[in-house]
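Presented below is the structure to which this report refers.
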Amino acid sequence: MPRLISPPLEELDKLRTPLNQGERIVLDFFNRNLSQDWEIYIQPHLNGLRPDFVLLNPNVGIAVYEVKHWDLKAMPYRIKRNETPQLWATNSAGIDFQVVDNPVDKIIHYQEQIANLYVPKIGQNCEEISSSYFSVITAGVIFTNATTEEVTLLLEPLYEKKTANSRKYLPLVGIDDIKTNKLTKVFPSARYNGSKYMKHSFADALRGWLIEPDFAKDQRQPLELDPKQKALVMNRTDSGYRRIRGPAGSGKSLVLAGRTAQLSIEDKKVLLVSFNITLWHYLRDLVVRYPANGVKVNKNITYIHFHEWCKNIIVKAGLRDEYNKLFVSNPTGESLEKVLEYDVVNLANIAIDRLVQNIGNEEISIEQYDAILVDEGQDFNLIWWNTLRRVLKDNGEMVLVADQTQDLYERTKSWTEESMNNAGFRGSWSQLDTCYRTPNQLIVYLRDFVNNFLTDVNINLPNPEIEELNLWPVTLTWIQCSSEQFIPQLCSEAALHIPELANPNTVAWPDLTILFPDHKLGLSCVHLLEQQKFNVLHIFDPNGKDRKSKKMSFFMGDARIKACTIHSFKGWEARYMVIALTKSTDLAAVYVAMSRLKRDTKGSYLTIVCSNPALEEYGKTWPSFSHS
C-alpha cells in the first residue's frame with residue numbers, strides 16, 4: 001500500500017506557500033527512509049498552526065518538525081539569558097534583535113498542543129506532557145544549512161528545563177545527519193514497530209487537523225466552465241454592458257472570476273466589487289484558478305467591497321472629515337442604514353466630482369477602469385451601480401451578476417427594466433440555469449421549502465444536473481429545539497458530530513462552517529467550541545467595534561473552523577455546514593443559507609438546528625429528524 005502523503009507529491013509545485021529548498025530536502029529524506037506505514041503531512045492546517053511536517057503512524061506515534069534553511073555563518077546567532085534563555089541575532093547593520101521565529105519555541109508549542117488539545121488522552125491536559133508519552137510525540141528542529149554539531153551548540157541551552165527523558169524526543173538535527181540518512185538520530189521513534197502508549201483512536205482524532213482541507217485542494221484545480229459559461233468569459237457585448245442571472249450554484253461567480261482573469265490577461269485594469277466584506281477573498285481565490293497557460297492572471301485587479309471603495313474615493317478627494325461626520329453620532333438601526341444606503345454614496349459622488357477636475361494629476365485625479373464587475377448584484381441599489389459607472393473608461397465594460405432569490409436586503413425592487421435601460425443595459429439577461437454546486441437530493445428539499453414558505457417571493461430555483469447515478473451523496477439532518485437558548489450548545493455538538501457521520505472518510509476541521517442568524521448566538525457557540533480547545537475563525541462582535549476587521553480577515557483558506565452570519569456567507573460555499581435558525585430568522589435567508597452547501601463525490605453534510613416551531617413539520621420530512 002503506497003504511503004499517504006498530504007498534499008500529494010505531484011501537487012507540491014502548486015502549493016500557495018511553496019516548499020523551500022530545505023523543506024524539499026527533508027521531505028525527500030522522510031519519504032526515502034521511513035517505512036510505508038508512516039503518513040507524511042506537509043504544512044498541515046493544525047487548528048491555526050502550520051508546522052512544516054507532521055508524521056503519523058497509528059501503531060507507533062506522532063512527530064512534528066520545524067525546518068530552517070538558515071545560514072548560521074551569515075548572521076551571528078547566540079543565546080541571551082534573561083529570566084529564560086532566548087535566541088538573539090545581530091543583523092548586517094550591527095543591530096541586535098530577538099529572533100521571533102524561534103524554532104525551539106515552535107516545536108515545543110506544537111508538541112504541547114498535540115498532546116493537550118488535539119489528542120488530550122495523551123497529555124491528560126497537564127502543562128508538562130506525562131513522561132509515559134514522551135516517545136509518542138517527537139518534536140524536532142532540522143537545519144538544512146548547518147551541521148548537527150552547530151545546531152546543537154547554538155540551541156541546546158533552550159532545552160535546559162527539559163528532563164533527560166524528554167530530550168530524547170526533542171531532536172536537534174543538521175544537514176550532515178540528513179545527507180547520511182541517519183533516521184534514528186533524526187527521528188528516534190522511527191526504529192519502533194509499535195508503542196503501548198499509541199492508539200489508533202489518537203491517530204483518528206488527529207487526522208482531522210492534518211488532512212488537507214477541500215478548499216486548499218480546490219485552489220490547485222483550474223476553474224471548470226461549461227460551454228455557455230466559457231462563452232460569457234471570453235466575449236463582451238457590443239455595448240460593453242452585460243447582466244447575468246442564475247440560481248444558487250449555477251456558476252455566476254465562476255463566470256465573473258473567469259472574465260476578470262481574462263481581462264487581466266488582456267492587460268486591462270479591472271475593478272471587482274462585492275457588497276459583502278467577506279466575499280472578495282473568495283472571488284480572488286477563484287480568479288487565480290483561471291487556466292491561463294502560465295500567464296499571470298492576478299495583475300491590474302482591484303478587489304474591494306463597495307463601501308470601502310466609496311471611502312477610498314472620499315479620502316482621496318480630501319473629504320475624510322466629512323466622511324467621519326456621517327458616523328460621528330454612532331448611528332444604529334435605520335439611521336445607520338440611511339448613512340450606508342445613501343449618505344456615503346452621495347459623498348462619494350461629490351468626491352468624484354472633485355477628482356474629475358484633476359485629471360492629469362495622478363496623485364489627486366480619479367482612478368478609472370477598463371472594466372468593472374459586480375458580484376451578488378442583487379445586494380446593490382441603482383444609485384450604487386451608477387456611481388461605479390462614473391469611473392469606467394470610455395468604451396469600457398461593466399458586468400453585473402445577480403440572483404433575485406438571494407436578495408436579503410430587498411434592493412432589486414428598484415431594478416426595473418426601465419431603470420436598467422438607463423443604467424447602460426440593453427437586451428435581455430444572460431441566463432445560467434444548471435446547478436453545479438448543490439447536491440441534487442438537497443435541491444428537492446429546497447423546492448419543497450420554497451413551495452411551503454416562499455410562495456410570494458420570486459425564486460430562481462436551480463435545475464439539477466442530469467446524472468444517471470447518485471454521484472453527490474448528501475447527509476441531511478434536522479434538529480428541532482424548543483428554545484433559542486439551546487441553539488449554541490446544539491450547534492457546537494452538531495459540528496463536532498459531523499466527523500462521526502462522515503466516517504470512514506476524514507473530515508478536515510477547517511472545512512467545517514457554522515452559520516448563525518445573529519452575532520449573539522454565534523459568539524455563544526464560538527465560546528463553547530473554544531472551551532473545548534478548538535480555534536474558530538469568526539466575525540462575531542457584540543458591539544460592532546471590531547466587526548469590520550474580522551470580516552476582512554475571514555477567508556476559507558484559514559486553518560480554523562469557520563463561523564459567521566448567514567448574510568456574511570452569501571456567495572460562499574462549504575461541504576460541511578451547520579445552520580442555526582430561530583423564530584426571527586428571515587425565511588428567505590433560510591433558503592439562502594441552505595443553498596450554500598457544496599456537493600462532493602465523498603459526500604456533503606448539512607445539519608439544521610431550528611427553534612422556529614413553524615418549520616418543524618418541514619424538518620420532519622428530512623432524512624434525519626430529532627427533537628432536543
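Residues are named by chain letter and number: chains run A, B, ... in the order of the C-alpha cells, numbers start at 1 in each chain, and ligands are numbered from 1 in the order shown.
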key: Shell of 12 Å around A:Leu49, only C-alpha atoms, local chain residues under 6 positions omitted, as a ChimeraX atom specification   = /A:43,64,66,106-107,109-111,113-114,118,209-210,510,534-535,558-560
request  = Extract, using only C-alpha atoms, all DNA, RNA and protein residues at most 8 Å from A:Thr601, discarding same-chain residues fewer than 6 positions from it, and format them as an NGL selection string.
outcome  = :A and (471-473)
Please produce a file of those selected residues containing N, CA and C atoms, as a CSV table (one decimal), in the first residue's frame.
```csv
chain,number,residue,atom,x,y,z
A,471,LEU,N,-24.1,10.7,-7.8
A,471,LEU,CA,-22.6,10.9,-7.7
A,471,LEU,C,-22.3,11.8,-6.5
A,472,TRP,N,-23.3,12.5,-6.0
A,472,TRP,CA,-23.1,13.5,-5.0
A,472,TRP,C,-23.9,13.2,-3.7
A,473,PRO,N,-23.5,12.2,-2.9
A,473,PRO,CA,-24.3,11.8,-1.7
A,473,PRO,C,-24.3,13.0,-0.7
```
task = Write out as a ChimeraX atom specification which residues come within 12 Å of A:Thr621 when counting only C-alpha atoms, dropping same-chain ones fewer than 6 positions away.
result = /A:442,444-446,448-449,476-479,615
request  = Using backbone DSSP assignments, extract all strand (DSSP E or B) residues from stretch 285-331 of chain A; output them as a ChimeraX atom specification.
outcome  = /A:301-305
inquiry  = Could you check the closest approach to A:Glu266 for each of A:His200, A:Lys299, A:Arg547, A:Lys168 and tell me which residue wins, using only C-alpha atoms?
reply    =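 Under the stated criterion, the closest residue is A:Lys299.
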request  = With a distance cut-off of 9 Å and only C-alpha atoms, select the neighbouring residues of A:Leu490, excluding the residue or stretch itself and same-chain residues fewer than 3 positions from it, and output the selection as a PyMOL selection string.
outcome  = chain A and resi 479+481+486-487+493-495+525+609+628
May I have the residues from that selection written out with all heavy atoms, as a PDB file, in the first residue's frame?
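Below is the file that was written, again_19.pdb:
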```
ATOM      1  N   ILE A 479     -32.430  19.154  13.445  1.00  0.00           N
ATOM      2  CA  ILE A 479     -32.569  19.085  14.902  1.00  0.00           C
ATOM      3  C   ILE A 479     -33.491  20.218  15.352  1.00  0.00           C
ATOM      4  O   ILE A 479     -33.134  21.389  15.234  1.00  0.00           O
ATOM      5  CB  ILE A 479     -31.205  19.206  15.603  1.00  0.00           C
ATOM      6  CG1 ILE A 479     -30.261  18.089  15.124  1.00  0.00           C
ATOM      7  CG2 ILE A 479     -31.370  19.158  17.117  1.00  0.00           C
ATOM      8  CD1 ILE A 479     -28.834  18.254  15.623  1.00  0.00           C
ATOM      9  N   CYS A 481     -35.462  22.258  18.281  1.00  0.00           N
ATOM     10  CA  CYS A 481     -35.359  22.501  19.721  1.00  0.00           C
ATOM     11  C   CYS A 481     -36.459  23.455  20.163  1.00  0.00           C
ATOM     12  O   CYS A 481     -37.014  24.207  19.366  1.00  0.00           O
ATOM     13  CB  CYS A 481     -33.990  23.037  20.102  1.00  0.00           C
ATOM     14  SG  CYS A 481     -33.536  24.596  19.344  1.00  0.00           S
ATOM     15  N   PHE A 486     -31.024  27.015  23.552  1.00  0.00           N
ATOM     16  CA  PHE A 486     -30.320  25.744  23.376  1.00  0.00           C
ATOM     17  C   PHE A 486     -29.486  25.703  22.093  1.00  0.00           C
ATOM     18  O   PHE A 486     -28.698  24.769  21.888  1.00  0.00           O
ATOM     19  CB  PHE A 486     -31.308  24.585  23.356  1.00  0.00           C
ATOM     20  CG  PHE A 486     -32.145  24.478  24.597  1.00  0.00           C
ATOM     21  CD1 PHE A 486     -33.529  24.424  24.520  1.00  0.00           C
ATOM     22  CD2 PHE A 486     -31.547  24.442  25.852  1.00  0.00           C
ATOM     23  CE1 PHE A 486     -34.305  24.334  25.670  1.00  0.00           C
ATOM     24  CE2 PHE A 486     -32.306  24.353  27.006  1.00  0.00           C
ATOM     25  CZ  PHE A 486     -33.698  24.301  26.916  1.00  0.00           C
ATOM     26  N   ILE A 487     -29.646  26.689  21.230  1.00  0.00           N
ATOM     27  CA  ILE A 487     -29.033  26.643  19.903  1.00  0.00           C
ATOM     28  C   ILE A 487     -27.504  26.606  19.952  1.00  0.00           C
ATOM     29  O   ILE A 487     -26.884  25.779  19.271  1.00  0.00           O
ATOM     30  CB  ILE A 487     -29.550  27.808  19.027  1.00  0.00           C
ATOM     31  CG1 ILE A 487     -30.948  27.448  18.502  1.00  0.00           C
ATOM     32  CG2 ILE A 487     -28.606  28.106  17.876  1.00  0.00           C
ATOM     33  CD1 ILE A 487     -31.563  28.466  17.587  1.00  0.00           C
ATOM     34  N   GLU A 493     -22.371  20.855  19.325  1.00  0.00           N
ATOM     35  CA  GLU A 493     -22.421  19.392  19.335  1.00  0.00           C
ATOM     36  C   GLU A 493     -22.610  18.841  17.929  1.00  0.00           C
ATOM     37  O   GLU A 493     -21.985  17.844  17.547  1.00  0.00           O
ATOM     38  CB  GLU A 493     -23.562  18.923  20.238  1.00  0.00           C
ATOM     39  CG  GLU A 493     -23.327  19.202  21.720  1.00  0.00           C
ATOM     40  CD  GLU A 493     -24.539  18.877  22.570  1.00  0.00           C
ATOM     41  OE1 GLU A 493     -25.594  18.514  21.981  1.00  0.00           O
ATOM     42  OE2 GLU A 493     -24.445  18.987  23.813  1.00  0.00           O
ATOM     43  N   ALA A 494     -23.470  19.500  17.151  1.00  0.00           N
ATOM     44  CA  ALA A 494     -23.715  19.042  15.779  1.00  0.00           C
ATOM     45  C   ALA A 494     -22.454  19.160  14.927  1.00  0.00           C
ATOM     46  O   ALA A 494     -22.147  18.273  14.119  1.00  0.00           O
ATOM     47  CB  ALA A 494     -24.844  19.841  15.148  1.00  0.00           C
ATOM     48  N   ALA A 495     -21.723  20.241  15.111  1.00  0.00           N
ATOM     49  CA  ALA A 495     -20.494  20.435  14.347  1.00  0.00           C
ATOM     50  C   ALA A 495     -19.468  19.351  14.672  1.00  0.00           C
ATOM     51  O   ALA A 495     -18.847  18.765  13.773  1.00  0.00           O
ATOM     52  CB  ALA A 495     -19.914  21.814  14.632  1.00  0.00           C
ATOM     53  N   CYS A 525     -21.765  30.184  20.675  1.00  0.00           N
ATOM     54  CA  CYS A 525     -21.298  28.895  20.163  1.00  0.00           C
ATOM     55  C   CYS A 525     -19.774  28.881  20.047  1.00  0.00           C
ATOM     56  O   CYS A 525     -19.127  27.886  20.386  1.00  0.00           O
ATOM     57  CB  CYS A 525     -21.933  28.607  18.807  1.00  0.00           C
ATOM     58  SG  CYS A 525     -21.465  27.017  18.088  1.00  0.00           S
ATOM     59  N   VAL A 609     -30.184  23.349  12.934  1.00  0.00           N
ATOM     60  CA  VAL A 609     -30.624  23.420  14.326  1.00  0.00           C
ATOM     61  C   VAL A 609     -31.644  24.548  14.399  1.00  0.00           C
ATOM     62  O   VAL A 609     -31.311  25.712  14.193  1.00  0.00           O
ATOM     63  CB  VAL A 609     -29.446  23.689  15.277  1.00  0.00           C
ATOM     64  CG1 VAL A 609     -29.950  23.807  16.713  1.00  0.00           C
ATOM     65  CG2 VAL A 609     -28.402  22.585  15.159  1.00  0.00           C
ATOM     66  N   SER A 628     -34.753  18.011  20.307  1.00  0.00           N
ATOM     67  CA  SER A 628     -33.922  18.129  21.508  1.00  0.00           C
ATOM     68  C   SER A 628     -34.515  19.165  22.459  1.00  0.00           C
ATOM     69  O   SER A 628     -35.133  20.124  22.031  1.00  0.00           O
ATOM     70  CB  SER A 628     -32.496  18.551  21.133  1.00  0.00           C
ATOM     71  OG  SER A 628     -31.895  17.547  20.360  1.00  0.00           O
TER      72      SER A 628
END
```
